Amino acid sequence: MSFLSQASLTDEFDDLKEEYETLVKQNQVYKEKLADLKKIQSKCLSLLSHQNKKYKQLRQALEGSDSSLSEEDAALEKKITERQKSCRSIQENLPKPNSFLLNVIVGQISLSLLTKAEKYDYKQGYEQFKLYTTIIMLVYSLVNLFIVQYSNSHLIQRFIDAIYHFMIVWYYCTLVLRENILRHNGSRIKGWWVIHHYLTVLLSGILLIWPDSISYRMFRTQFMVFGVYLNFLQLLQYYYQSGCLYRLRALGEKSDMDITVAEEFQAWMWRGLTFLLPFLFFGYLFQLYNAITLYYIANHPDCQEWMVSSSAVIFFILFLGNSSTLSKVVIDKFKSKGSKTKAA
Ligand code: COA
């Protein structure tokens with residue numbers, strides 16, 4: 001390297017000195033603020049825990065008294081309820097310990113999202129992840145159904161099917177993890193949908209190891225058609241769920257994932273739900289049909305594989321759990337719509 005170019009590099013390095021010093025200072029400020037933030041967080045958590053404990057004790061004392069509540073007691077109870085509600089909303093901005101499951105999967109790092117914007121972005125990312133993966137799986141299942149189906153090699157078909165089954169296992173494992181993080185941050189996803197995803201992982205795992213056999217051939221096309229339908233259904237669900245999320249945010253209603261439904265949002269939600277329901281119920285009937293088909297295959301004299309009857313049982317459980325949960329969701333929504341109309 002010539003002397004001149006060496007000198008110009010040194011000049012350039014020296015020019016960076018001032019900026020570097022600012023960076024070091026800023027970093028120092030940042031570290032101090034971070035330490036302060038941790039201190040304030042622990043202080044808030046300890047105050048909150050004390051407050052919660054005290055309100056609980058006060059409520060128990062009020063409820064424990066033998067005589068009926070006096071007017072003063074009733075007023076105090078109302079105030080306690082309001083204060084507890086306020087404490088819950090304070091809690092939303094503070095970190096909380098992970099559930100046992102999250103600790104087992106990711107270890108002891110904080111998975112609390114502390115602002116509304118972070119929660120919204122995470123949920124939106126979750127919905128987008130579902131959308132992109134569903135599109136890939138839809139294309140793959142269509143290719144499998146309309147092209148690979150006609151391949152002469154059973155080995156190639158089984159291999160391509162196995163990739164599809166593996167994709168489903170991976171997709172649902174990821175969903176379970178993300179949904180646990182969402183639930184940890186206040187999302188009100190019903191427990192059944194999470195259980196549904198665990199069962200789907202199990203089912204896809206069984207399908208993955210089901211050897212190429214007469215029984216597998218008997219069910220293959222039906223499962224591929226079901227796969228196409230399920231992916232199509234998930235696209236419809238995506239438009240409904242992301243529509244809900246977008247509107248709740250636009251309405252300014254999504255206060256830390258605690259939904260207070262506005263009229264405008266209700267109207268949109270009911271339109272979306274009414275459109276979606278027949279497709280969902282048809283999907284559940286398809287699951288029942290799969291269970292029945294597998295039951296008949298299991299009783300076929302050439303069927304040797306245990307995967308057939310176990311898949312039949314899982315499809316049946318999915319049918320029962322999905323249709324009962326969906327019916328309950330719709331009935332609850334109707335009831336809360338009725339009570340809101342009465343209150344108005
Ligand atoms: N998966 C993940 N999250 C779900 C969910 C599902 N299947 N169903 C609802 N949620 C979430 C909602 O996004 C909402 O989250 P938030 O608290 O963070 O805002 C929360 O759970 C409460 O939702 P809820 O009011 O009970 O229902 P909804 O109006 O959002 O959706 C349905 C109702 C029926 C459309 C929805 O539950 C659904 O699509 N269910 C069918 C799922 C299914 O059958 N999948 C398998 C297909 S065979």
# chains A, B, ... in the order shown; residues from 1 in each chain; ligands from 1
$ residues_around --residues "stretch 75-77 of chain A" --least-positions-apart "2" --cutoff "12 Å" --atoms "only C-alpha atoms" --output "VMD selection string"
chain A and resid 55 to 63 69 to 73 79 to 84
$ residues_near_ligand --ligand "ligand 1" --cutoff "8 Å" --atoms "only C-alpha atoms and all ligand atoms" --output "count of residues only"
39
$ closest_residue --among "A:Lys53, A:Ser310, A:Glu92, A:Val169" --to "A:Leu114" --atoms "only C-alpha atoms"
A:Glu92
$ residues_around --residues "A:Ile109" --least-positions-apart "6" --cutoff "10 Å" --atoms "only C-alpha atoms" --output "CSV table (one decimal) with N, CA and C atoms, in the first residue's frame"
chain,number,residue,atom,x,y,z
A,97,PRO,N,-44.1,-13.8,34.1
A,97,PRO,CA,-43.3,-15.0,33.9
A,97,PRO,C,-44.0,-15.9,32.8
A,98,ASN,N,-43.1,-16.6,32.1
A,98,ASN,CA,-43.7,-17.5,31.0
A,98,ASN,C,-44.4,-18.7,31.7
A,102,LEU,N,-44.0,-22.6,27.8
A,102,LEU,CA,-43.1,-21.7,27.1
A,102,LEU,C,-41.7,-21.9,27.6
A,103,ASN,N,-41.6,-22.0,28.9
A,103,ASN,CA,-40.3,-22.2,29.6
A,103,ASN,C,-39.6,-23.4,29.1
$ residues_around --residues "stretch 211-217 of chain A" --least-positions-apart "4" --cutoff "10 Å" --atoms "only C-alpha atoms" --output "PDB file with all heavy atoms, in the first residue's frame"
ATOM      1  N   HIS A 154     -45.135 -45.236  -7.560  1.00  0.00           N
ATOM      2  CA  HIS A 154     -45.708 -45.103  -6.215  1.00  0.00           C
ATOM      3  C   HIS A 154     -44.684 -44.528  -5.246  1.00  0.00           C
ATOM      4  O   HIS A 154     -45.019 -43.816  -4.322  1.00  0.00           O
ATOM      5  CB  HIS A 154     -46.177 -46.474  -5.703  1.00  0.00           C
ATOM      6  CG  HIS A 154     -47.515 -46.844  -6.254  1.00  0.00           C
ATOM      7  ND1 HIS A 154     -48.247 -47.911  -5.810  1.00  0.00           N
ATOM      8  CD2 HIS A 154     -48.261 -46.272  -7.232  1.00  0.00           C
ATOM      9  CE1 HIS A 154     -49.389 -47.973  -6.475  1.00  0.00           C
ATOM     10  NE2 HIS A 154     -49.410 -46.998  -7.344  1.00  0.00           N
ATOM     11  N   LEU A 155     -43.399 -44.850  -5.538  1.00  0.00           N
ATOM     12  CA  LEU A 155     -42.325 -44.395  -4.653  1.00  0.00           C
ATOM     13  C   LEU A 155     -42.243 -42.858  -4.679  1.00  0.00           C
ATOM     14  O   LEU A 155     -42.176 -42.197  -3.629  1.00  0.00           O
ATOM     15  CB  LEU A 155     -41.003 -45.014  -5.112  1.00  0.00           C
ATOM     16  CG  LEU A 155     -39.866 -44.903  -4.114  1.00  0.00           C
ATOM     17  CD1 LEU A 155     -40.125 -45.837  -2.937  1.00  0.00           C
ATOM     18  CD2 LEU A 155     -38.528 -45.249  -4.773  1.00  0.00           C
ATOM     19  N   GLN A 157     -44.610 -40.791  -5.627  1.00  0.00           N
ATOM     20  CA  GLN A 157     -45.847 -40.246  -5.030  1.00  0.00           C
ATOM     21  C   GLN A 157     -45.742 -40.228  -3.496  1.00  0.00           C
ATOM     22  O   GLN A 157     -46.035 -39.227  -2.853  1.00  0.00           O
ATOM     23  CB  GLN A 157     -47.018 -41.147  -5.401  1.00  0.00           C
ATOM     24  CG  GLN A 157     -47.716 -40.727  -6.650  1.00  0.00           C
ATOM     25  CD  GLN A 157     -48.983 -41.559  -6.874  1.00  0.00           C
ATOM     26  OE1 GLN A 157     -49.427 -42.320  -6.029  1.00  0.00           O
ATOM     27  NE2 GLN A 157     -49.545 -41.393  -8.050  1.00  0.00           N
ATOM     28  N   ARG A 158     -45.259 -41.354  -2.946  1.00  0.00           N
ATOM     29  CA  ARG A 158     -45.190 -41.455  -1.483  1.00  0.00           C
ATOM     30  C   ARG A 158     -44.196 -40.441  -0.927  1.00  0.00           C
ATOM     31  O   ARG A 158     -44.409 -39.848   0.132  1.00  0.00           O
ATOM     32  CB  ARG A 158     -44.798 -42.903  -1.074  1.00  0.00           C
ATOM     33  CG  ARG A 158     -44.867 -43.146   0.425  1.00  0.00           C
ATOM     34  CD  ARG A 158     -46.303 -43.005   0.934  1.00  0.00           C
ATOM     35  NE  ARG A 158     -46.422 -42.916   2.388  1.00  0.00           N
ATOM     36  CZ  ARG A 158     -46.422 -41.791   3.099  1.00  0.00           C
ATOM     37  NH1 ARG A 158     -46.274 -40.619   2.499  1.00  0.00           N
ATOM     38  NH2 ARG A 158     -46.568 -41.807   4.409  1.00  0.00           N
ATOM     39  N   PHE A 159     -43.089 -40.253  -1.684  1.00  0.00           N
ATOM     40  CA  PHE A 159     -42.062 -39.306  -1.243  1.00  0.00           C
ATOM     41  C   PHE A 159     -42.632 -37.876  -1.235  1.00  0.00           C
ATOM     42  O   PHE A 159     -42.462 -37.124  -0.269  1.00  0.00           O
ATOM     43  CB  PHE A 159     -40.840 -39.412  -2.168  1.00  0.00           C
ATOM     44  CG  PHE A 159     -39.748 -38.448  -1.810  1.00  0.00           C
ATOM     45  CD1 PHE A 159     -38.995 -38.615  -0.651  1.00  0.00           C
ATOM     46  CD2 PHE A 159     -39.476 -37.346  -2.631  1.00  0.00           C
ATOM     47  CE1 PHE A 159     -38.000 -37.712  -0.307  1.00  0.00           C
ATOM     48  CE2 PHE A 159     -38.490 -36.436  -2.298  1.00  0.00           C
ATOM     49  CZ  PHE A 159     -37.756 -36.615  -1.132  1.00  0.00           C
ATOM     50  N   ILE A 206     -48.613 -39.360  12.044  1.00  0.00           N
ATOM     51  CA  ILE A 206     -49.056 -40.729  11.735  1.00  0.00           C
ATOM     52  C   ILE A 206     -49.117 -40.924  10.214  1.00  0.00           C
ATOM     53  O   ILE A 206     -48.663 -41.940   9.680  1.00  0.00           O
ATOM     54  CB  ILE A 206     -50.434 -41.002  12.397  1.00  0.00           C
ATOM     55  CG1 ILE A 206     -50.260 -41.043  13.916  1.00  0.00           C
ATOM     56  CG2 ILE A 206     -51.035 -42.299  11.890  1.00  0.00           C
ATOM     57  CD1 ILE A 206     -51.551 -41.143  14.704  1.00  0.00           C
ATOM     58  N   LEU A 207     -49.664 -39.911   9.514  1.00  0.00           N
ATOM     59  CA  LEU A 207     -49.754 -40.011   8.048  1.00  0.00           C
ATOM     60  C   LEU A 207     -48.354 -40.096   7.431  1.00  0.00           C
ATOM     61  O   LEU A 207     -48.136 -40.778   6.433  1.00  0.00           O
ATOM     62  CB  LEU A 207     -50.495 -38.799   7.468  1.00  0.00           C
ATOM     63  CG  LEU A 207     -51.985 -38.688   7.827  1.00  0.00           C
ATOM     64  CD1 LEU A 207     -52.557 -37.363   7.343  1.00  0.00           C
ATOM     65  CD2 LEU A 207     -52.779 -39.835   7.217  1.00  0.00           C
ATOM     66  N   THR A 221     -56.213 -40.289  -2.210  1.00  0.00           N
ATOM     67  CA  THR A 221     -56.865 -39.228  -2.999  1.00  0.00           C
ATOM     68  C   THR A 221     -57.817 -38.415  -2.128  1.00  0.00           C
ATOM     69  O   THR A 221     -57.828 -37.175  -2.183  1.00  0.00           O
ATOM     70  CB  THR A 221     -57.639 -39.850  -4.178  1.00  0.00           C
ATOM     71  OG1 THR A 221     -56.752 -40.738  -4.831  1.00  0.00           O
ATOM     72  CG2 THR A 221     -58.129 -38.802  -5.149  1.00  0.00           C
ATOM     73  N   GLN A 222     -58.568 -39.136  -1.286  1.00  0.00           N
ATOM     74  CA  GLN A 222     -59.522 -38.419  -0.422  1.00  0.00           C
ATOM     75  C   GLN A 222     -58.783 -37.446   0.495  1.00  0.00           C
ATOM     76  O   GLN A 222     -59.218 -36.307   0.695  1.00  0.00           O
ATOM     77  CB  GLN A 222     -60.303 -39.439   0.424  1.00  0.00           C
ATOM     78  CG  GLN A 222     -61.361 -38.769   1.280  1.00  0.00           C
ATOM     79  CD  GLN A 222     -62.263 -39.771   1.978  1.00  0.00           C
ATOM     80  OE1 GLN A 222     -62.558 -40.826   1.428  1.00  0.00           O
ATOM     81  NE2 GLN A 222     -62.710 -39.439   3.179  1.00  0.00           N
ATOM     82  N   PHE A 223     -57.633 -37.871   1.005  1.00  0.00           N
ATOM     83  CA  PHE A 223     -56.892 -36.979   1.906  1.00  0.00           C
ATOM     84  C   PHE A 223     -56.363 -35.763   1.151  1.00  0.00           C
ATOM     85  O   PHE A 223     -56.361 -34.645   1.672  1.00  0.00           O
ATOM     86  CB  PHE A 223     -55.733 -37.726   2.591  1.00  0.00           C
ATOM     87  CG  PHE A 223     -54.968 -36.828   3.521  1.00  0.00           C
ATOM     88  CD1 PHE A 223     -55.524 -36.426   4.726  1.00  0.00           C
ATOM     89  CD2 PHE A 223     -53.719 -36.333   3.173  1.00  0.00           C
ATOM     90  CE1 PHE A 223     -54.847 -35.560   5.576  1.00  0.00           C
ATOM     91  CE2 PHE A 223     -53.036 -35.466   4.016  1.00  0.00           C
ATOM     92  CZ  PHE A 223     -53.605 -35.078   5.223  1.00  0.00           C
ATOM     93  N   LEU A 294     -61.994 -44.114   6.954  1.00  0.00           N
ATOM     94  CA  LEU A 294     -60.863 -44.815   7.576  1.00  0.00           C
ATOM     95  C   LEU A 294     -61.358 -46.008   8.407  1.00  0.00           C
ATOM     96  O   LEU A 294     -60.701 -47.050   8.466  1.00  0.00           O
ATOM     97  CB  LEU A 294     -60.056 -43.846   8.449  1.00  0.00           C
ATOM     98  CG  LEU A 294     -59.181 -42.876   7.658  1.00  0.00           C
ATOM     99  CD1 LEU A 294     -58.747 -41.701   8.526  1.00  0.00           C
ATOM    100  CD2 LEU A 294     -57.947 -43.582   7.099  1.00  0.00           C
ATOM    101  N   ILE A 297     -61.912 -48.697   5.967  1.00  0.00           N
ATOM    102  CA  ILE A 297     -60.620 -49.229   5.476  1.00  0.00           C
ATOM    103  C   ILE A 297     -59.995 -50.132   6.551  1.00  0.00           C
ATOM    104  O   ILE A 297     -59.434 -51.186   6.262  1.00  0.00           O
ATOM    105  CB  ILE A 297     -59.653 -48.072   5.085  1.00  0.00           C
ATOM    106  CG1 ILE A 297     -60.233 -47.261   3.929  1.00  0.00           C
ATOM    107  CG2 ILE A 297     -58.277 -48.621   4.696  1.00  0.00           C
ATOM    108  CD1 ILE A 297     -59.407 -46.036   3.530  1.00  0.00           C
ATOM    109  N   ALA A 298     -60.108 -49.693   7.823  1.00  0.00           N
ATOM    110  CA  ALA A 298     -59.508 -50.473   8.923  1.00  0.00           C
ATOM    111  C   ALA A 298     -60.112 -51.875   8.991  1.00  0.00           C
ATOM    112  O   ALA A 298     -59.457 -52.829   9.427  1.00  0.00           O
ATOM    113  CB  ALA A 298     -59.710 -49.746  10.244  1.00  0.00           C
ATOM    114  N   HIS A 300     -61.096 -53.543   6.378  1.00  0.00           N
ATOM    115  CA  HIS A 300     -60.849 -54.241   5.105  1.00  0.00           C
ATOM    116  C   HIS A 300     -59.885 -55.405   5.363  1.00  0.00           C
ATOM    117  O   HIS A 300     -58.927 -55.259   6.126  1.00  0.00           O
ATOM    118  CB  HIS A 300     -60.228 -53.218   4.123  1.00  0.00           C
ATOM    119  CG  HIS A 300     -60.194 -53.695   2.717  1.00  0.00           C
ATOM    120  ND1 HIS A 300     -59.192 -54.515   2.254  1.00  0.00           N
ATOM    121  CD2 HIS A 300     -61.033 -53.480   1.670  1.00  0.00           C
ATOM    122  CE1 HIS A 300     -59.411 -54.779   0.974  1.00  0.00           C
ATOM    123  NE2 HIS A 300     -60.524 -54.155   0.591  1.00  0.00           N
ATOM    124  N   PRO A 301     -60.102 -56.559   4.729  1.00  0.00           N
ATOM    125  CA  PRO A 301     -59.223 -57.719   5.005  1.00  0.00           C
ATOM    126  C   PRO A 301     -57.744 -57.469   4.679  1.00  0.00           C
ATOM    127  O   PRO A 301     -56.865 -58.057   5.309  1.00  0.00           O
ATOM    128  CB  PRO A 301     -59.785 -58.819   4.101  1.00  0.00           C
ATOM    129  CG  PRO A 301     -60.908 -58.235   3.329  1.00  0.00           C
ATOM    130  CD  PRO A 301     -61.229 -56.884   3.846  1.00  0.00           C
ATOM    131  N   ASP A 302     -57.461 -56.554   3.721  1.00  0.00           N
ATOM    132  CA  ASP A 302     -56.051 -56.309   3.354  1.00  0.00           C
ATOM    133  C   ASP A 302     -55.394 -55.232   4.210  1.00  0.00           C
ATOM    134  O   ASP A 302     -54.239 -54.879   3.976  1.00  0.00           O
ATOM    135  CB  ASP A 302     -55.963 -55.863   1.876  1.00  0.00           C
ATOM    136  CG  ASP A 302     -56.281 -57.019   0.955  1.00  0.00           C
ATOM    137  OD1 ASP A 302     -55.994 -58.170   1.335  1.00  0.00           O
ATOM    138  OD2 ASP A 302     -56.843 -56.763  -0.134  1.00  0.00           O
ATOM    139  N   CYS A 303     -56.124 -54.685   5.157  1.00  0.00           N
ATOM    140  CA  CYS A 303     -55.538 -53.591   5.952  1.00  0.00           C
ATOM    141  C   CYS A 303     -54.800 -54.150   7.170  1.00  0.00           C
ATOM    142  O   CYS A 303     -55.393 -54.814   8.024  1.00  0.00           O
ATOM    143  CB  CYS A 303     -56.643 -52.628   6.386  1.00  0.00           C
ATOM    144  SG  CYS A 303     -56.010 -51.367   7.484  1.00  0.00           S
ATOM    145  N   GLN A 304     -53.489 -53.848   7.222  1.00  0.00           N
ATOM    146  CA  GLN A 304     -52.662 -54.360   8.318  1.00  0.00           C
ATOM    147  C   GLN A 304     -52.197 -53.213   9.245  1.00  0.00           C
ATOM    148  O   GLN A 304     -51.668 -53.475  10.314  1.00  0.00           O
ATOM    149  CB  GLN A 304     -51.363 -54.989   7.754  1.00  0.00           C
ATOM    150  CG  GLN A 304     -51.529 -55.889   6.562  1.00  0.00           C
ATOM    151  CD  GLN A 304     -51.895 -57.293   6.996  1.00  0.00           C
ATOM    152  OE1 GLN A 304     -51.354 -57.772   7.970  1.00  0.00           O
ATOM    153  NE2 GLN A 304     -52.826 -57.924   6.303  1.00  0.00           N
ATOM    154  N   GLU A 305     -52.308 -51.977   8.773  1.00  0.00           N
ATOM    155  CA  GLU A 305     -51.607 -50.874   9.455  1.00  0.00           C
ATOM    156  C   GLU A 305     -52.437 -50.269  10.591  1.00  0.00           C
ATOM    157  O   GLU A 305     -53.619 -49.978  10.411  1.00  0.00           O
ATOM    158  CB  GLU A 305     -51.269 -49.751   8.441  1.00  0.00           C
ATOM    159  CG  GLU A 305     -50.253 -50.147   7.386  1.00  0.00           C
ATOM    160  CD  GLU A 305     -50.815 -51.064   6.318  1.00  0.00           C
ATOM    161  OE1 GLU A 305     -52.037 -51.003   6.066  1.00  0.00           O
ATOM    162  OE2 GLU A 305     -50.050 -51.851   5.746  1.00  0.00           O
ATOM    163  N   MET A 307     -52.044 -47.373  11.636  1.00  0.00           N
ATOM    164  CA  MET A 307     -52.244 -45.932  11.379  1.00  0.00           C
ATOM    165  C   MET A 307     -53.693 -45.624  10.958  1.00  0.00           C
ATOM    166  O   MET A 307     -54.187 -44.520  11.181  1.00  0.00           O
ATOM    167  CB  MET A 307     -51.328 -45.456  10.247  1.00  0.00           C
ATOM    168  CG  MET A 307     -49.873 -45.449  10.567  1.00  0.00           C
ATOM    169  SD  MET A 307     -49.231 -47.100  10.252  1.00  0.00           S
ATOM    170  CE  MET A 307     -47.551 -46.920  10.714  1.00  0.00           C
ATOM    171  N   VAL A 308     -54.350 -46.635  10.347  1.00  0.00           N
ATOM    172  CA  VAL A 308     -55.695 -46.380   9.808  1.00  0.00           C
ATOM    173  C   VAL A 308     -56.690 -46.105  10.940  1.00  0.00           C
ATOM    174  O   VAL A 308     -57.360 -45.064  10.941  1.00  0.00           O
ATOM    175  CB  VAL A 308     -56.161 -47.595   8.960  1.00  0.00           C
ATOM    176  CG1 VAL A 308     -57.491 -47.295   8.281  1.00  0.00           C
ATOM    177  CG2 VAL A 308     -55.099 -47.937   7.924  1.00  0.00           C
TER     178      VAL A 308
END
$ select_by_dssp --residues "stretch 167-303 of chain A" --states "strand (DSSP E)" --output "list in words"
Lys254, Ser255, Asp258 and Ile259 of chain A
$ select_by_dssp --residues "stretch 25-123 of chain A" --states "helix (DSSP H, G or I)" --output "PyMOL selection string"
chain A and resi 25-64+71-91+100-106+116-123
$ residues_around --residues "A:Ser49" --least-positions-apart "4" --cutoff "12 Å" --atoms "only C-alpha atoms" --output "JSON, numbers by chain"
{"A": [42, 43, 44, 45, 53, 54, 55, 56, 84, 87, 88, 90, 91, 94, 96]}
$ closest_residue --among "A:Leu145, A:Ile40, A:Ala291, A:Ile195" --to "A:Asn180" --atoms "only C-alpha atoms"
A:Ile195
$ residues_around --residues "A:Ile163" --least-positions-apart "3" --cutoff "12 Å" --atoms "only C-alpha atoms" --output "ChimeraX atom specification"
/A:137,140-141,144,156-160,166-170,204-205,207-209
$ atom_distance --atom1 "atom CA of A:Leu138" --atom2 "atom CA of A:Arg220"
16.2 Å
$ decode --residues "stretch 232-251 of chain A" --atoms "N, CA, C and O atoms" --output "tab-separated table (two decimals), in the first residue's frame"
chain	number	residue	atom	x	y	z
A	232	PHE	N	-57.93	-24.06	1.41
A	232	PHE	CA	-58.86	-23.04	0.92
A	232	PHE	C	-59.61	-22.41	2.12
A	232	PHE	O	-59.75	-21.19	2.23
A	233	LEU	N	-60.02	-23.29	3.05
A	233	LEU	CA	-60.74	-22.83	4.24
A	233	LEU	C	-59.86	-21.89	5.08
A	233	LEU	O	-60.32	-20.88	5.60
A	234	GLN	N	-58.58	-22.24	5.15
A	234	GLN	CA	-57.68	-21.41	5.96
A	234	GLN	C	-57.48	-20.03	5.33
A	234	GLN	O	-57.27	-19.04	6.02
A	235	LEU	N	-57.58	-19.98	3.99
A	235	LEU	CA	-57.49	-18.66	3.32
A	235	LEU	C	-58.70	-17.81	3.71
A	235	LEU	O	-58.56	-16.63	4.03
A	236	LEU	N	-59.88	-18.45	3.70
A	236	LEU	CA	-61.09	-17.71	4.09
A	236	LEU	C	-60.96	-17.23	5.54
A	236	LEU	O	-61.28	-16.08	5.86
A	237	GLN	N	-60.46	-18.12	6.39
A	237	GLN	CA	-60.27	-17.76	7.81
A	237	GLN	C	-59.32	-16.58	7.94
A	237	GLN	O	-59.52	-15.70	8.76
A	238	TYR	N	-58.26	-16.61	7.11
A	238	TYR	CA	-57.27	-15.53	7.18
A	238	TYR	C	-57.96	-14.19	6.90
A	238	TYR	O	-57.75	-13.22	7.63
A	239	TYR	N	-58.82	-14.15	5.85
A	239	TYR	CA	-59.44	-12.88	5.52
A	239	TYR	C	-60.37	-12.42	6.64
A	239	TYR	O	-60.45	-11.24	6.94
A	240	TYR	N	-61.02	-13.38	7.29
A	240	TYR	CA	-61.89	-13.01	8.41
A	240	TYR	C	-61.06	-12.51	9.60
A	240	TYR	O	-61.31	-11.42	10.12
A	241	GLN	N	-60.06	-13.31	10.00
A	241	GLN	CA	-59.29	-12.96	11.21
A	241	GLN	C	-58.50	-11.66	11.03
A	241	GLN	O	-58.49	-10.81	11.90
A	242	SER	N	-57.85	-11.52	9.84
A	242	SER	CA	-57.05	-10.31	9.66
A	242	SER	C	-57.98	-9.10	9.49
A	242	SER	O	-57.64	-7.99	9.90
A	243	GLY	N	-59.20	-9.35	8.92
A	243	GLY	CA	-60.19	-8.26	8.82
A	243	GLY	C	-60.60	-7.79	10.20
A	243	GLY	O	-60.70	-6.59	10.46
A	244	CYS	N	-60.82	-8.76	11.12
A	244	CYS	CA	-61.20	-8.41	12.50
A	244	CYS	C	-60.10	-7.57	13.13
A	244	CYS	O	-60.35	-6.52	13.72
A	245	LEU	N	-58.86	-8.06	12.97
A	245	LEU	CA	-57.72	-7.39	13.61
A	245	LEU	C	-57.57	-5.97	13.09
A	245	LEU	O	-57.41	-5.01	13.86
A	246	TYR	N	-57.67	-5.83	11.76
A	246	TYR	CA	-57.51	-4.52	11.13
A	246	TYR	C	-58.59	-3.56	11.61
A	246	TYR	O	-58.31	-2.43	12.00
A	247	ARG	N	-59.85	-4.05	11.62
A	247	ARG	CA	-60.95	-3.16	12.01
A	247	ARG	C	-60.89	-2.78	13.49
A	247	ARG	O	-61.16	-1.65	13.86
A	248	LEU	N	-60.51	-3.76	14.33
A	248	LEU	CA	-60.42	-3.45	15.75
A	248	LEU	C	-59.36	-2.38	15.99
A	248	LEU	O	-59.52	-1.49	16.82
A	249	ARG	N	-58.29	-2.48	15.25
A	249	ARG	CA	-57.23	-1.48	15.44
A	249	ARG	C	-57.70	-0.12	14.91
A	249	ARG	O	-57.53	0.91	15.57
A	250	ALA	N	-58.35	-0.16	13.72
A	250	ALA	CA	-58.82	1.09	13.13
A	250	ALA	C	-59.84	1.77	14.05
A	250	ALA	O	-59.88	2.98	14.17
A	251	LEU	N	-60.65	0.93	14.71
A	251	LEU	CA	-61.67	1.50	15.60
A	251	LEU	C	-61.08	1.95	16.93
A	251	LEU	O	-61.77	2.52	17.76
